Structures are given as structure tokens and as C-alpha cells.
file query-v1.cif (mmCIF, C-alpha atoms and all ligand atoms)
data_my_file
#
loop_
_atom_site.label_atom_id
_atom_site.label_comp_id
_atom_site.auth_asym_id
_atom_site.auth_seq_id
_atom_site.Cartn_x
_atom_site.Cartn_y
_atom_site.Cartn_z
CA MET A 1 79.06 11.61 -71.10
CA SER A 2 77.06 9.88 -68.39
CA ARG A 3 78.50 6.91 -66.54
CA PHE A 4 76.00 4.72 -68.40
CA MET A 5 77.28 5.39 -71.91
CA SER A 6 79.21 2.52 -73.42
CA PRO A 7 82.92 3.30 -73.38
CA ARG A 8 83.07 2.34 -77.04
CA PHE A 9 81.66 5.81 -77.79
CA ALA A 10 84.09 7.69 -75.56
CA GLY A 11 86.18 8.98 -78.46
CA LEU A 12 83.28 9.60 -80.83
CA GLU A 13 83.04 13.12 -82.15
CA ALA A 14 79.53 13.69 -83.45
CA TYR A 15 78.73 15.52 -86.68
CA THR A 16 77.98 19.23 -86.32
CA PRO A 17 75.13 20.22 -88.61
CA GLY A 18 75.00 23.71 -90.11
CA GLU A 19 73.24 26.31 -88.01
CA GLN A 20 69.44 26.30 -88.12
CA PRO A 21 68.84 29.51 -86.15
CA ARG A 22 65.44 30.50 -84.87
CA ASP A 23 66.51 33.81 -83.28
CA GLN A 24 66.11 35.98 -86.39
CA GLN A 25 65.42 35.81 -90.10
CA TYR A 26 68.61 35.24 -92.05
CA VAL A 27 69.26 35.00 -95.74
CA LYS A 28 70.03 31.37 -95.25
CA LEU A 29 72.79 30.18 -97.55
CA ASN A 30 74.44 27.68 -95.19
CA THR A 31 72.91 24.22 -95.53
CA ASN A 32 72.32 23.75 -99.26
CA GLU A 33 68.56 23.78 -99.07
CA SER A 34 66.53 24.78 -102.11
CA PRO A 35 65.25 28.35 -101.94
CA TYR A 36 62.11 27.24 -103.79
CA PRO A 37 59.06 25.65 -102.15
CA PRO A 38 57.86 22.11 -102.94
CA SER A 39 55.60 21.73 -106.00
CA THR A 40 51.87 22.45 -105.73
CA GLU A 41 51.27 18.69 -106.15
CA VAL A 42 53.25 18.09 -102.93
CA LEU A 43 51.38 20.83 -101.08
CA GLU A 44 48.07 19.29 -102.13
CA ARG A 45 49.07 15.71 -101.27
CA VAL A 46 50.09 16.56 -97.70
CA SER A 47 46.46 17.35 -97.03
CA LYS A 48 44.16 17.33 -94.04
CA ALA A 49 42.96 13.91 -95.23
CA GLU A 50 46.51 12.57 -95.08
CA VAL A 51 47.07 14.07 -91.62
CA GLU A 52 43.86 12.41 -90.47
CA LEU A 53 45.47 9.05 -91.27
CA LEU A 54 48.37 9.63 -88.88
CA ASN A 55 46.83 7.17 -86.44
CA LEU A 56 47.93 4.44 -88.88
CA TYR A 57 51.50 3.32 -89.51
CA PRO A 58 52.93 4.13 -92.94
CA ASP A 59 53.72 1.43 -95.53
CA PRO A 60 57.12 0.16 -94.36
CA THR A 61 57.94 -1.05 -97.89
CA GLY A 62 57.27 2.33 -99.52
CA LYS A 63 55.99 0.33 -102.49
CA VAL A 64 54.32 3.15 -104.41
CA LEU A 65 57.24 5.54 -104.06
CA LYS A 66 59.74 2.85 -105.01
CA GLU A 67 57.78 2.09 -108.17
CA LYS A 68 57.63 5.75 -109.12
CA LEU A 69 61.37 6.25 -108.55
CA ALA A 70 62.16 3.05 -110.45
CA ALA A 71 60.17 4.32 -113.45
CA LEU A 72 61.91 7.70 -113.28
CA TYR A 73 65.42 6.22 -113.16
CA GLY A 74 64.84 3.31 -115.57
CA VAL A 75 65.42 0.57 -112.98
CA GLU A 76 63.18 -1.87 -111.13
CA ALA A 77 61.52 -1.31 -107.76
CA LYS A 78 63.74 -4.03 -106.26
CA ASN A 79 66.75 -1.82 -107.07
CA VAL A 80 65.43 1.04 -104.92
CA PHE A 81 65.89 1.62 -101.20
CA LEU A 82 64.16 4.37 -99.23
CA SER A 83 65.11 5.88 -95.93
CA ASN A 84 64.89 8.82 -93.56
CA GLY A 85 67.20 11.17 -95.44
CA SER A 86 70.33 10.07 -97.27
CA ASP A 87 72.32 10.42 -94.04
CA ASP A 88 70.38 7.40 -92.86
CA ILE A 89 71.44 5.42 -95.92
CA LEU A 90 75.10 6.38 -95.51
CA ASN A 91 74.85 5.27 -91.91
CA PHE A 92 73.38 1.92 -93.00
CA ALA A 93 76.12 1.51 -95.62
CA PHE A 94 78.87 1.90 -93.02
CA MET A 95 76.96 -0.38 -90.64
CA ALA A 96 76.33 -3.06 -93.26
CA PHE A 97 79.49 -3.10 -95.33
CA CYS A 98 82.29 -2.09 -92.96
CA ASP A 99 83.75 -3.49 -89.77
CA ALA A 100 87.09 -3.86 -88.03
CA GLU A 101 88.45 -5.78 -91.05
CA ARG A 102 86.58 -3.99 -93.82
CA GLY A 103 87.78 -0.42 -94.05
CA ALA A 104 86.55 2.60 -95.96
CA ALA A 105 88.17 5.26 -98.10
CA PHE A 106 86.95 8.72 -98.98
CA PRO A 107 88.38 12.13 -99.82
CA GLU A 108 89.94 14.02 -96.93
CA ILE A 109 87.88 17.07 -97.92
CA SER A 110 84.33 15.86 -98.42
CA TYR A 111 81.06 15.47 -96.56
CA GLY A 112 81.92 15.67 -92.86
CA PHE A 113 79.60 12.84 -91.91
CA TYR A 114 81.68 10.07 -93.54
CA PRO A 115 84.40 10.03 -90.86
CA VAL A 116 81.76 10.20 -88.14
CA TYR A 117 80.07 7.03 -89.42
CA GLY A 118 83.50 5.47 -89.70
CA ASP A 119 84.23 6.27 -86.05
CA LEU A 120 80.76 5.15 -84.95
CA TYR A 121 81.46 1.64 -86.24
CA HIS A 122 85.19 1.62 -85.48
CA VAL A 123 86.06 1.38 -89.13
CA ASP A 124 89.56 2.06 -90.37
CA CYS A 125 89.07 5.05 -92.70
CA LYS A 126 91.61 6.14 -95.25
CA LYS A 127 91.18 9.88 -95.85
CA ILE A 128 92.69 10.64 -99.21
CA PRO A 129 93.91 14.18 -99.96
CA LEU A 130 92.41 16.02 -102.91
CA LYS A 131 94.56 17.15 -105.80
CA GLU A 132 96.12 20.61 -105.77
CA ASP A 133 93.10 21.95 -107.70
CA PHE A 134 90.67 20.43 -105.12
CA GLY A 135 89.58 17.67 -107.53
CA VAL A 136 89.29 14.00 -106.56
CA ASP A 137 92.03 11.88 -108.18
CA TYR A 138 90.17 8.71 -109.17
CA LEU A 139 93.43 6.79 -109.45
CA ASP A 140 93.78 7.01 -105.66
CA TYR A 141 90.69 4.79 -105.36
CA CYS A 142 91.46 2.21 -108.03
CA GLY A 143 92.06 -1.21 -106.51
CA ILE A 144 91.97 0.22 -102.99
CA GLY A 145 90.23 -2.84 -101.51
CA ARG A 146 87.95 -0.90 -99.15
CA MET A 147 84.48 0.53 -99.33
CA VAL A 148 84.84 3.71 -101.37
CA VAL A 149 82.63 6.70 -100.63
CA ILE A 150 82.70 9.61 -103.04
CA ALA A 151 80.29 12.50 -103.15
CA ASN A 152 79.82 13.36 -106.81
CA PRO A 153 79.69 16.30 -107.12
CA ASN A 154 81.89 16.55 -104.06
CA ALA A 155 80.98 18.71 -101.09
CA PRO A 156 82.04 21.35 -100.25
CA THR A 157 83.95 21.89 -103.51
CA GLY A 158 81.06 21.30 -105.94
CA MET A 159 83.48 19.62 -108.37
CA GLU A 160 82.77 16.29 -110.04
CA ILE A 161 84.63 13.32 -111.45
CA SER A 162 83.62 11.77 -114.77
CA LEU A 163 81.61 8.62 -115.40
CA ALA A 164 84.67 7.03 -117.00
CA GLU A 165 86.61 7.63 -113.78
CA ILE A 166 83.83 6.15 -111.64
CA GLU A 167 83.75 3.13 -113.93
CA GLU A 168 87.47 2.56 -113.37
CA ILE A 169 86.94 2.68 -109.60
CA LEU A 170 84.08 0.16 -109.91
CA LYS A 171 86.05 -2.18 -112.16
CA THR A 172 89.14 -2.18 -109.98
CA ASN A 173 87.27 -2.83 -106.71
CA PRO A 174 85.04 -5.79 -107.63
CA ASP A 175 84.95 -7.07 -104.05
CA ASN A 176 84.12 -3.78 -102.39
CA ILE A 177 81.12 -1.50 -102.40
CA VAL A 178 81.55 1.83 -104.14
CA VAL A 179 79.14 4.40 -102.72
CA ILE A 180 78.53 7.37 -104.98
CA ASP A 181 76.71 10.04 -103.01
CA GLU A 182 74.74 12.02 -105.59
CA ALA A 183 73.07 14.43 -103.16
CA TYR A 184 73.87 17.33 -105.52
CA VAL A 185 73.80 15.64 -108.92
CA ASP A 186 70.64 17.32 -110.24
CA PHE A 187 72.16 20.79 -110.52
CA GLY A 188 74.38 19.98 -113.48
CA GLY A 189 76.26 16.82 -112.52
CA THR A 190 76.14 13.45 -114.28
CA SER A 191 74.50 10.51 -112.53
CA CYS A 192 76.11 7.07 -112.62
CA VAL A 193 72.80 5.28 -111.87
CA ASP A 194 72.91 3.35 -115.17
CA PHE A 195 76.09 1.57 -114.03
CA ILE A 196 74.06 -0.45 -111.51
CA LYS A 197 73.04 -2.68 -114.44
CA LYS A 198 76.68 -3.47 -115.15
CA TYR A 199 78.32 -3.41 -111.71
CA ASP A 200 76.98 -5.25 -108.69
CA ASN A 201 79.23 -3.29 -106.31
CA LEU A 202 77.73 0.17 -106.94
CA LEU A 203 75.48 1.94 -104.45
CA VAL A 204 74.13 5.29 -105.63
CA VAL A 205 72.68 7.48 -102.89
CA GLN A 206 70.36 10.40 -103.59
CA THR A 207 68.10 12.68 -101.59
CA PHE A 208 64.89 14.70 -101.75
CA SER A 209 66.55 17.36 -99.56
CA LYS A 210 68.23 19.47 -102.24
CA SER A 211 66.83 19.52 -105.78
CA ARG A 212 63.41 18.34 -104.56
CA SER A 213 62.96 21.06 -101.92
CA MET A 214 62.16 18.61 -99.12
CA ALA A 215 65.00 18.88 -96.58
CA GLY A 216 62.42 19.22 -93.81
CA ALA A 217 60.64 15.99 -94.78
CA ARG A 218 63.72 13.73 -94.46
CA LEU A 219 63.65 11.43 -97.46
CA GLY A 220 66.56 9.76 -99.18
CA PHE A 221 66.85 6.88 -101.61
CA ALA A 222 69.46 4.58 -103.01
CA ILE A 223 69.72 2.64 -106.25
CA ALA A 224 71.79 -0.52 -106.54
CA ASN A 225 71.89 -4.18 -107.44
CA GLU A 226 69.08 -6.13 -105.76
CA ALA A 227 71.41 -7.95 -103.32
CA ILE A 228 72.78 -4.65 -101.94
CA ILE A 229 69.24 -3.33 -101.52
CA GLU A 230 68.33 -6.50 -99.61
CA ASP A 231 71.28 -5.91 -97.26
CA LEU A 232 70.14 -2.37 -96.59
CA GLU A 233 66.55 -3.57 -96.03
CA LYS A 234 67.85 -6.07 -93.50
CA ILE A 235 69.49 -3.27 -91.53
CA LYS A 236 66.39 -1.08 -91.81
CA TYR A 237 64.12 -3.88 -90.61
CA SER A 238 66.54 -4.52 -87.75
CA THR A 239 66.41 -0.92 -86.56
CA ASN A 240 63.25 0.96 -87.57
CA PRO A 241 61.02 -0.38 -90.36
CA TYR A 242 58.75 2.69 -90.20
CA ASN A 243 61.54 5.19 -90.60
CA ILE A 244 59.72 7.18 -93.28
CA ASN A 245 56.58 8.75 -91.94
CA ARG A 246 53.25 8.78 -93.76
CA LEU A 247 53.35 12.49 -94.67
CA THR A 248 56.84 12.23 -96.10
CA LEU A 249 55.94 9.20 -98.18
CA ALA A 250 52.94 11.03 -99.62
CA ALA A 251 55.05 14.13 -100.30
CA GLY A 252 57.73 12.01 -101.96
CA GLU A 253 55.24 10.36 -104.30
CA ALA A 254 53.82 13.73 -105.33
CA ALA A 255 57.35 15.10 -105.82
CA VAL A 256 58.21 12.33 -108.28
CA ASP A 257 54.89 12.91 -110.07
CA SER A 258 55.81 16.57 -110.49
CA ASN A 259 59.40 15.94 -111.54
CA ALA A 260 59.23 18.57 -114.30
CA TYR A 261 58.85 21.32 -111.69
CA TYR A 262 62.03 20.22 -109.94
CA VAL A 263 63.96 19.95 -113.20
CA GLU A 264 62.95 23.55 -113.81
CA THR A 265 63.95 24.83 -110.34
CA ALA A 266 67.29 22.97 -110.52
CA LYS A 267 67.92 24.69 -113.85
CA LYS A 268 67.13 28.07 -112.32
CA ILE A 269 69.51 27.35 -109.44
CA ALA A 270 72.26 26.33 -111.88
CA GLN A 271 71.80 29.63 -113.77
CA THR A 272 71.95 31.58 -110.51
CA ARG A 273 75.12 29.67 -109.61
CA GLU A 274 76.81 30.74 -112.85
CA MET A 275 75.77 34.35 -112.29
CA THR A 276 77.01 34.21 -108.67
CA THR A 277 80.33 32.67 -109.66
CA SER A 278 81.06 35.41 -112.23
CA LYS A 279 80.00 38.17 -109.86
CA LEU A 280 82.15 36.91 -106.99
CA ARG A 281 85.14 36.49 -109.28
CA GLU A 282 84.68 40.11 -110.37
CA MET A 283 84.68 41.04 -106.66
CA GLY A 284 88.07 39.42 -106.12
CA PHE A 285 87.06 35.97 -104.96
CA THR A 286 88.53 32.67 -106.05
CA VAL A 287 85.55 30.43 -106.81
CA LEU A 288 85.89 26.74 -107.66
CA ASP A 289 83.95 25.52 -110.71
CA SER A 290 80.84 24.02 -109.14
CA VAL A 291 78.12 21.86 -110.68
CA ALA A 292 76.20 21.77 -107.39
CA ASN A 293 73.75 24.13 -105.66
CA PHE A 294 76.56 25.78 -103.72
CA ILE A 295 79.90 27.34 -104.43
CA PHE A 296 83.15 27.20 -102.52
CA ALA A 297 84.76 30.63 -102.50
CA LYS A 298 87.74 32.39 -101.01
CA SER A 299 88.27 36.12 -100.77
CA ASN A 300 91.61 37.37 -102.00
CA ALA A 301 91.53 40.02 -99.25
CA LEU A 302 89.81 38.58 -96.16
CA SER A 303 89.91 35.31 -94.26
CA GLY A 304 87.05 32.83 -94.46
CA LYS A 305 86.33 33.36 -90.78
CA VAL A 306 85.94 37.13 -91.17
CA ILE A 307 83.70 36.71 -94.20
CA TYR A 308 81.50 34.24 -92.31
CA GLU A 309 81.31 36.32 -89.13
CA GLU A 310 80.71 39.66 -90.82
CA LEU A 311 78.07 38.22 -93.14
CA LYS A 312 76.30 36.72 -90.14
CA LYS A 313 76.25 40.11 -88.40
CA LYS A 314 74.59 41.48 -91.51
CA GLY A 315 71.97 38.72 -91.60
CA VAL A 316 73.47 36.38 -94.20
CA LEU A 317 74.42 32.86 -93.14
CA VAL A 318 77.05 30.89 -95.04
CA ARG A 319 79.02 27.81 -93.98
CA TYR A 320 82.54 28.10 -92.64
CA PHE A 321 84.46 24.92 -91.84
CA GLY A 322 87.69 26.29 -90.33
CA LYS A 323 89.48 23.12 -91.33
CA ALA A 324 93.08 22.70 -92.51
CA LYS A 325 93.54 23.33 -96.27
CA ILE A 326 90.14 25.03 -96.60
CA GLU A 327 90.26 27.59 -93.79
CA ASP A 328 90.18 30.48 -96.26
CA PHE A 329 87.00 29.28 -97.91
CA VAL A 330 83.32 29.66 -97.22
CA ARG A 331 80.62 27.52 -98.78
CA ILE A 332 77.71 29.52 -100.11
CA THR A 333 74.41 27.87 -100.99
CA ILE A 334 72.79 29.19 -104.15
CA GLY A 335 69.53 30.90 -103.27
CA THR A 336 67.19 32.98 -105.41
CA PRO A 337 68.74 35.76 -107.53
CA GLU A 338 67.29 38.23 -104.99
CA GLN A 339 69.03 36.47 -102.09
CA MET A 340 72.30 36.45 -104.01
CA ASN A 341 71.96 40.19 -104.61
CA VAL A 342 71.73 40.68 -100.84
CA LEU A 343 74.90 38.58 -100.51
CA PHE A 344 76.76 40.72 -103.08
CA GLU A 345 75.64 43.92 -101.38
CA LYS A 346 76.73 42.75 -97.91
CA LEU A 347 80.04 41.39 -99.22
CA ALA A 348 80.77 44.72 -100.92
CA GLU A 349 80.06 46.52 -97.62
CA ILE A 350 82.32 44.12 -95.71
CA LEU A 351 85.20 44.50 -98.18
CA GLN A 352 84.84 48.27 -97.93
CA GLU A 353 84.63 48.33 -94.12
CA GLN A 354 87.57 45.98 -93.66
CA LYS A 355 89.67 48.02 -96.06
CA GLY A 356 89.09 51.05 -93.88
CA ALA A 357 89.72 49.13 -90.66
N1 LIG B 1 75.43 13.77 -98.72
C1 LIG B 1 75.97 14.98 -98.84
C2 LIG B 1 77.21 15.13 -99.66
C3 LIG B 1 75.40 16.07 -98.19
O1 LIG B 1 75.96 17.28 -98.25
C4 LIG B 1 74.23 15.89 -97.44
C5 LIG B 1 73.53 17.06 -96.77
N2 LIG B 1 74.08 17.52 -95.61
C6 LIG B 1 73.72 14.60 -97.31
C7 LIG B 1 74.33 13.55 -97.98
C8 LIG B 1 72.55 14.26 -96.43
O2 LIG B 1 71.36 14.80 -96.87
P1 LIG B 1 69.96 14.30 -96.32
O3 LIG B 1 70.18 13.44 -95.11
O4 LIG B 1 69.21 15.54 -96.03
O5 LIG B 1 69.37 13.49 -97.45
#
call {"tool": "encode", "arguments": {"input": "query-v1.cif", "output": "C-alpha cells", "more": "lines below"}}
Ligand code: PMP
result
Amino acid sequence: MSRFMSPRFAGLEAYTPGEQPRDQQYVKLNTNESPYPPSTEVLERVSKAEVELLNLYPDPTGKVLKEKLAALYGVEAKNVFLSNGSDDILNFAFMAFCDAERGAAFPEISYGFYPVYGDLYHVDCKKIPLKEDFGVDYLDYCGIGRMVVIANPNAPTGMEISLAEIEEILKTNPDNIVVIDEAYVDFGGTSCVDFIKKYDNLLVVQTFSKSRSMAGARLGFAIANEAIIEDLEKIKYSTNPYNINRLTLAAGEAAVDSNAYYVETAKKIAQTREMTTSKLREMGFTVLDSVANFIFAKSNALSGKVIYEELKKKGVLVRYFGKAKIEDFVRITIGTPEQMNVLFEKLAEILQEQKGA
């Protein structure tokens, strides 16, 4: 820290993203990207003609994309917010709706960025333990009187809570925002977007990074009551109105136009997840029941750290958190069936080698 940095950030521990190595080609199963490319419509839209327009600022309102998303989700454009990845929206939510008096609550085991945003804004965060089976107990959040943030499905477990449970959380916290982070909902989860018509305290956050194969483009969106969207717009226009670049906007529009392609690839990924879960269970792993594009798995013979390190040596990257309560687990992104076969092969080798060691 330089002597110029404000002391208010002295204790801040920044988020550590998953590795994005450039040193060699890995079978990359560590940051929940889609293994499938964007649709042909997206490839065509991000054309030379679009690049030639880079001298001009993009539309800061994202009008066309908002209208397309609104039509897709059965809401109005005024209920849609766009930003530079869903991380950006989560950041705005903590900035807008929390402060020294207004705390937040989220599961102790969940997306690692929530506590970082909490610390960034000096928000009192209640980190609520998961149940024994790694599920979120919705009752813990009923009437909690803080901003609630729940990833549904949760990360890194891949497990979800029901719409009825979310509705109870919404009903019992009428004066607090309930953020449901649906980054992984398209792989078999159930979206609560329709509740925005009934509850003015719901903020649903989604992303183009996972099911829409656009992690590199940085595009996220949120759906909520108009007043919440206006709050988020106020923050966006007070920081960086042009935070979605022209190429990403164009790609996003084409992605919504070709939604059927993404429904299809999400289905393929869900099938590969089921195949991977059965295979790993046969190989002696405990695998949580995931509805996301990743699984959380624990070897009954080797530690999570060994699995992670040995797989990396063999060219397969998975995510290891090394955190209390989940230190035995690794999170494995679902890739193509071919990539998963490489994973099975390398895991079998590792189990064999370590047995002999
Ligand atoms: N929410 C969850 C639960 C995530 O795992 C991620 C991806 N790391 C994000 C939000 C952020 O995704 P992005 O900023 O790429 O939209």
C-alpha cells in the first residue's frame, strides 16, 4: 500500500479471481465459463463494421438490449439494468443499499465477492452458516432486517432453494432489498424473476458470462422494480455511464436474438453435469447435487489440495478454495464431454499414483 492510499482501505482484502493462465494450454475447468463459443449471430454482429464505429461512444442507456431482455423475461425495459458484468451490479447494490447502519446477510459459503464488497463499503455483514447438507436454510433470512444476498443456485455448492422459500424471505423483509444472484440459473435452476411484479424489494442479478458464453465480453443485467433500477442507474451515472462498450452491447443484442442456441448449449452442459456426477461418484467422490454448470466434489481418498495440485500438473485446472468447512472439496466446471473424459482419465491416474505413494 502506498502512503497515498486512503487508510479506510487498509484492512481491505481484495477478491482473488480464479487463475487465468497464459503459460500453457489447460483443460480449463476452474472459472465456470461455458466450453461452447458464442452463437454465429454474435460472431457476425461483432463485425469489422462495428469495430469501425469504436471512435464513437456506445449508447449509455443500452436501450435496444434492455428492450430485448425485457421481451425475453416478460418485463418492461424500465425493469432492466445493464452493467459491466454482474460483479459490477453486485458492487452497485452494496454501494447503493448498504452503509454503516444498513447491514447485509449472505451464506458463509457462497460467492467470495460478497464479503469483499461488504468490506469495501464498511458494511456489517452477517455470514450465515449453511446447513449440514450444504443447503441454504431460508428460515435464517426471514425477517433478518438487512440486505439479503443469495446466489441461487449457490456457488460453489450448485444447490438451490425453492421459489416458495425465496418468497418467504421477500415477504418477511419488506424494508430490505433481497438480491438473488442467478448467475447459474440457466443450467437447471428456477428463476424468481416473475416475483418482481409482486415484490418491490427484489433485485434479480444475471449474467451473460456463463450460459451465454460471453465471460470475456463483461455483460451483466438485473431485473427489479422500476425504483430499484433507478437507484442503480443513479450509481452508474455517478461512476461510469459508458461502462458497457459498443462491441459488448452489440454482442449482447445478438445473444438475446439467438437465445435458442444458448438454451440448447445449457441443456448439453446440464446433461454433461449429470454424466460427470455419476462418473465421479463411481470413482469414490462425494458430489453435491448441482443444478449449475459446475459441481462441488470431494474425494473419499485424497485431500482437495492434492486433487487440485495433481490435476494442475497434468494440465487440468479446477478451483480449490482451501477454506474452513470446504477444504476437502474442489469445484469443477462442466466442460464438453471430451474435456470431462480427460478429467476422469487424469483423476484415475492420480488416485492410482497416490495409492502407490
Ligand atoms: N455471481 C456469482 C455467484 C458468480 O460465481 C460470478 C462469477 N464469478 C458472478 C456473479 C460474476 O460474474 P460476471 O461478473 O462475469 O457476470
call {"tool": "residues_around", "arguments": {"input": "query-v1.cif", "residues": "Ile228 (chain A)", "least_positions_apart": "3", "cutoff": "10 Å", "atoms": "all atoms listed in the file", "output": "PyMOL selection string"}}
result
chain A and resi 79-81+93+96-97+177+200-203+222-225+231-234
call {"tool": "closest_residue", "arguments": {"input": "query-v1.cif", "among": "A:Thr157, A:Thr333, A:Asn91, A:Ser2", "to": "Phe296 (chain A)", "atoms": "all atoms listed in the file"}}
result
A:Thr157
call {"tool": "atom_distance", "arguments": {"input": "query-v1.cif", "atom1": "CA of Tyr242 (chain A)", "atom2": "CA of Ser83 (chain A)"}}
result
9.1 Å
call {"tool": "closest_atom_pairs", "arguments": {"input": "query-v1.cif", "of": "region 256-344 of chain A", "to": "region 36-46 of chain A", "cutoff": "8 Å", "atoms": "only C-alpha atoms", "output": "CSV"}}
result
residue,atom,partner,partner_atom,distance
A:Asp257,CA,A:Glu41,CA,7.9
A:Ser258,CA,A:Glu41,CA,6.6
A:Tyr261,CA,A:Ser39,CA,6.6
A:Tyr262,CA,A:Ser39,CA,7.7
A:Thr265,CA,A:Tyr36,CA,7.2
A:Thr336,CA,A:Tyr36,CA,7.8
call {"tool": "closest_residue", "arguments": {"input": "query-v1.cif", "among": "A:Met340, A:Ile161, A:Ala14, A:Ala105", "to": "Asp119 (chain A)", "atoms": "all atoms listed in the file"}}
result
A:Ala14
call {"tool": "closest_residue", "arguments": {"input": "query-v1.cif", "among": "A:Ile229, A:Leu90, A:Cys142, A:Ile269", "to": "ligand LIG 1 (chain B)", "atoms": "only C-alpha atoms and all ligand atoms"}}
result
A:Leu90
call {"tool": "closest_atom_pairs", "arguments": {"input": "query-v1.cif", "of": "chain A", "to": "ligand LIG 1 (chain B)", "cutoff": "8 Å", "atoms": "all atoms listed in the file", "output": "CSV"}}
result
residue,atom,partner,partner_atom,distance
A:Pro17,CA,B:LIG1,N2,7.6
A:Thr31,CA,B:LIG1,N2,6.8
A:Asn32,CA,B:LIG1,C5,7.2
A:Asn84,CA,B:LIG1,O3,7.2
A:Gly85,CA,B:LIG1,O5,3.8
A:Ser86,CA,B:LIG1,O5,3.6
A:Asp87,CA,B:LIG1,O3,3.9
A:Asp88,CA,B:LIG1,O3,6.4
A:Leu90,CA,B:LIG1,C7,7.6
A:Ser110,CA,B:LIG1,C2,7.3
A:Tyr111,CA,B:LIG1,C2,5.0
A:Ala151,CA,B:LIG1,C2,5.3
A:Asn152,CA,B:LIG1,C2,7.8
A:Pro153,CA,B:LIG1,C2,7.9
A:Asn154,CA,B:LIG1,C2,6.6
A:Ala155,CA,B:LIG1,C2,5.4
A:Pro156,CA,B:LIG1,O1,7.6
A:Asp181,CA,B:LIG1,N1,5.8
A:Glu182,CA,B:LIG1,N1,7.1
A:Ala183,CA,B:LIG1,N1,5.1
A:Tyr184,CA,B:LIG1,C2,7.1
A:Val205,CA,B:LIG1,C7,8.0
A:Gln206,CA,B:LIG1,O5,6.9
A:Thr207,CA,B:LIG1,O5,4.4
A:Phe208,CA,B:LIG1,O5,6.3
A:Ser209,CA,B:LIG1,O4,4.8
A:Lys210,CA,B:LIG1,O4,7.4
A:Ala215,CA,B:LIG1,O4,5.4
A:Arg218,CA,B:LIG1,O4,6.0
A:Leu219,CA,B:LIG1,O5,6.1
A:Gly220,CA,B:LIG1,O5,5.0
call {"tool": "atom_distance", "arguments": {"input": "query-v1.cif", "atom1": "CA of Gly11 (chain A)", "atom2": "CA of Val178 (chain A)"}}
result
27.1 Å
call {"tool": "closest_residue", "arguments": {"input": "query-v1.cif", "among": "A:Glu101, A:Phe92, A:Glu165, A:Leu12", "to": "Ser238 (chain A)", "atoms": "only C-alpha atoms"}}
result
A:Phe92
call {"tool": "residues_around", "arguments": {"input": "query-v1.cif", "residues": "Leu311 (chain A)", "least_positions_apart": "3", "cutoff": "10 Å", "atoms": "all atoms listed in the file", "output": "VMD selection string"}}
result
chain A and resid 26 to 27 305 to 308 314 to 318 343 346 to 347 349 to 350
call {"tool": "atom_distance", "arguments": {"input": "query-v1.cif", "atom1": "CA of Ala324 (chain A)", "atom2": "CA of Lys298 (chain A)"}}
result
14.0 Å
call {"tool": "closest_residue", "arguments": {"input": "query-v1.cif", "among": "A:Ile196, A:Ile128, A:Leu72, A:Val149", "to": "Cys98 (chain A)", "atoms": "only C-alpha atoms"}}
result
A:Val149
call {"tool": "residues_around", "arguments": {"input": "query-v1.cif", "residues": "Lys267 (chain A)", "least_positions_apart": "5", "cutoff": "12 Å", "atoms": "all atoms listed in the file", "output": "number ranges by chain"}}
result
A: 34, 36, 185-189, 211, 260-262, 272-274, 291-293, 334, 336
call {"tool": "closest_residue", "arguments": {"input": "query-v1.cif", "among": "A:Glu264, A:Glu13, A:Glu353, A:Glu345", "to": "Leu280 (chain A)", "atoms": "only C-alpha atoms"}}
result
A:Glu345
call {"tool": "residues_near_point", "arguments": {"input": "query-v1.cif", "point": "(84.5, 27.8, -112.8)", "cutoff": "9 Å", "atoms": "only C-alpha atoms", "output": "PyMOL selection string"}}
result
chain A and resi 274+277-278+287-291
call {"tool": "residues_around", "arguments": {"input": "query-v1.cif", "residues": "Ala297 (chain A)", "least_positions_apart": "5", "cutoff": "8 Å", "atoms": "all atoms listed in the file", "output": "PyMOL selection string"}}
result
chain A and resi 285-288+329-332
call {"tool": "residues_around", "arguments": {"input": "query-v1.cif", "residues": "Gly103 (chain A)", "least_positions_apart": "2", "cutoff": "8 Å", "atoms": "only C-alpha atoms", "output": "number ranges by chain"}}
result
A: 98-101, 105, 123-126, 146-147
call {"tool": "decode", "arguments": {"input": "query-v1.cif", "residues": "region 131-135 of chain A", "atoms": "all heavy atoms", "output": "mmCIF file, in the first residue's frame"}}
result
data_model
loop_
_atom_site.group_PDB
_atom_site.id
_atom_site.type_symbol
_atom_site.label_atom_id
_atom_site.label_comp_id
_atom_site.auth_asym_id
_atom_site.auth_seq_id
_atom_site.Cartn_x
_atom_site.Cartn_y
_atom_site.Cartn_z
ATOM 1 N N LYS A 131 -26.545 -25.289 6.089
ATOM 2 C CA LYS A 131 -26.989 -26.457 6.849
ATOM 3 C C LYS A 131 -25.923 -27.549 6.715
ATOM 4 O O LYS A 131 -25.031 -27.468 5.870
ATOM 5 C CB LYS A 131 -28.321 -26.979 6.272
ATOM 6 C CG LYS A 131 -29.482 -26.019 6.505
ATOM 7 C CD LYS A 131 -30.814 -26.654 6.120
ATOM 8 C CE LYS A 131 -31.003 -26.750 4.618
ATOM 9 N NZ LYS A 131 -32.368 -27.082 4.202
ATOM 10 N N GLU A 132 -26.068 -28.568 7.505
ATOM 11 C CA GLU A 132 -25.181 -29.736 7.467
ATOM 12 C C GLU A 132 -24.990 -30.281 6.037
ATOM 13 O O GLU A 132 -23.895 -30.663 5.634
ATOM 14 C CB GLU A 132 -25.834 -30.796 8.358
ATOM 15 C CG GLU A 132 -24.956 -31.873 8.861
ATOM 16 C CD GLU A 132 -23.953 -31.448 9.936
ATOM 17 O OE1 GLU A 132 -23.779 -30.258 10.293
ATOM 18 O OE2 GLU A 132 -23.317 -32.366 10.405
ATOM 19 N N ASP A 133 -26.084 -30.272 5.258
ATOM 20 C CA ASP A 133 -26.025 -30.839 3.896
ATOM 21 C C ASP A 133 -25.586 -29.796 2.857
ATOM 22 O O ASP A 133 -25.751 -30.003 1.662
ATOM 23 C CB ASP A 133 -27.398 -31.413 3.513
ATOM 24 C CG ASP A 133 -28.464 -30.325 3.359
ATOM 25 O OD1 ASP A 133 -28.171 -29.128 3.624
ATOM 26 O OD2 ASP A 133 -29.600 -30.652 2.958
ATOM 27 N N PHE A 134 -25.065 -28.663 3.307
ATOM 28 C CA PHE A 134 -24.570 -27.570 2.451
ATOM 29 C C PHE A 134 -25.686 -26.746 1.803
ATOM 30 O O PHE A 134 -25.424 -25.899 0.957
ATOM 31 C CB PHE A 134 -23.597 -28.068 1.365
ATOM 32 C CG PHE A 134 -22.290 -28.577 1.931
ATOM 33 C CD1 PHE A 134 -22.092 -29.929 2.161
ATOM 34 C CD2 PHE A 134 -21.274 -27.699 2.252
ATOM 35 C CE1 PHE A 134 -20.898 -30.400 2.700
ATOM 36 C CE2 PHE A 134 -20.077 -28.151 2.782
ATOM 37 C CZ PHE A 134 -19.891 -29.504 3.010
ATOM 38 N N GLY A 135 -26.936 -26.994 2.191
ATOM 39 C CA GLY A 135 -28.034 -26.186 1.660
ATOM 40 C C GLY A 135 -28.155 -24.882 2.440
ATOM 41 O O GLY A 135 -27.667 -24.754 3.568
#
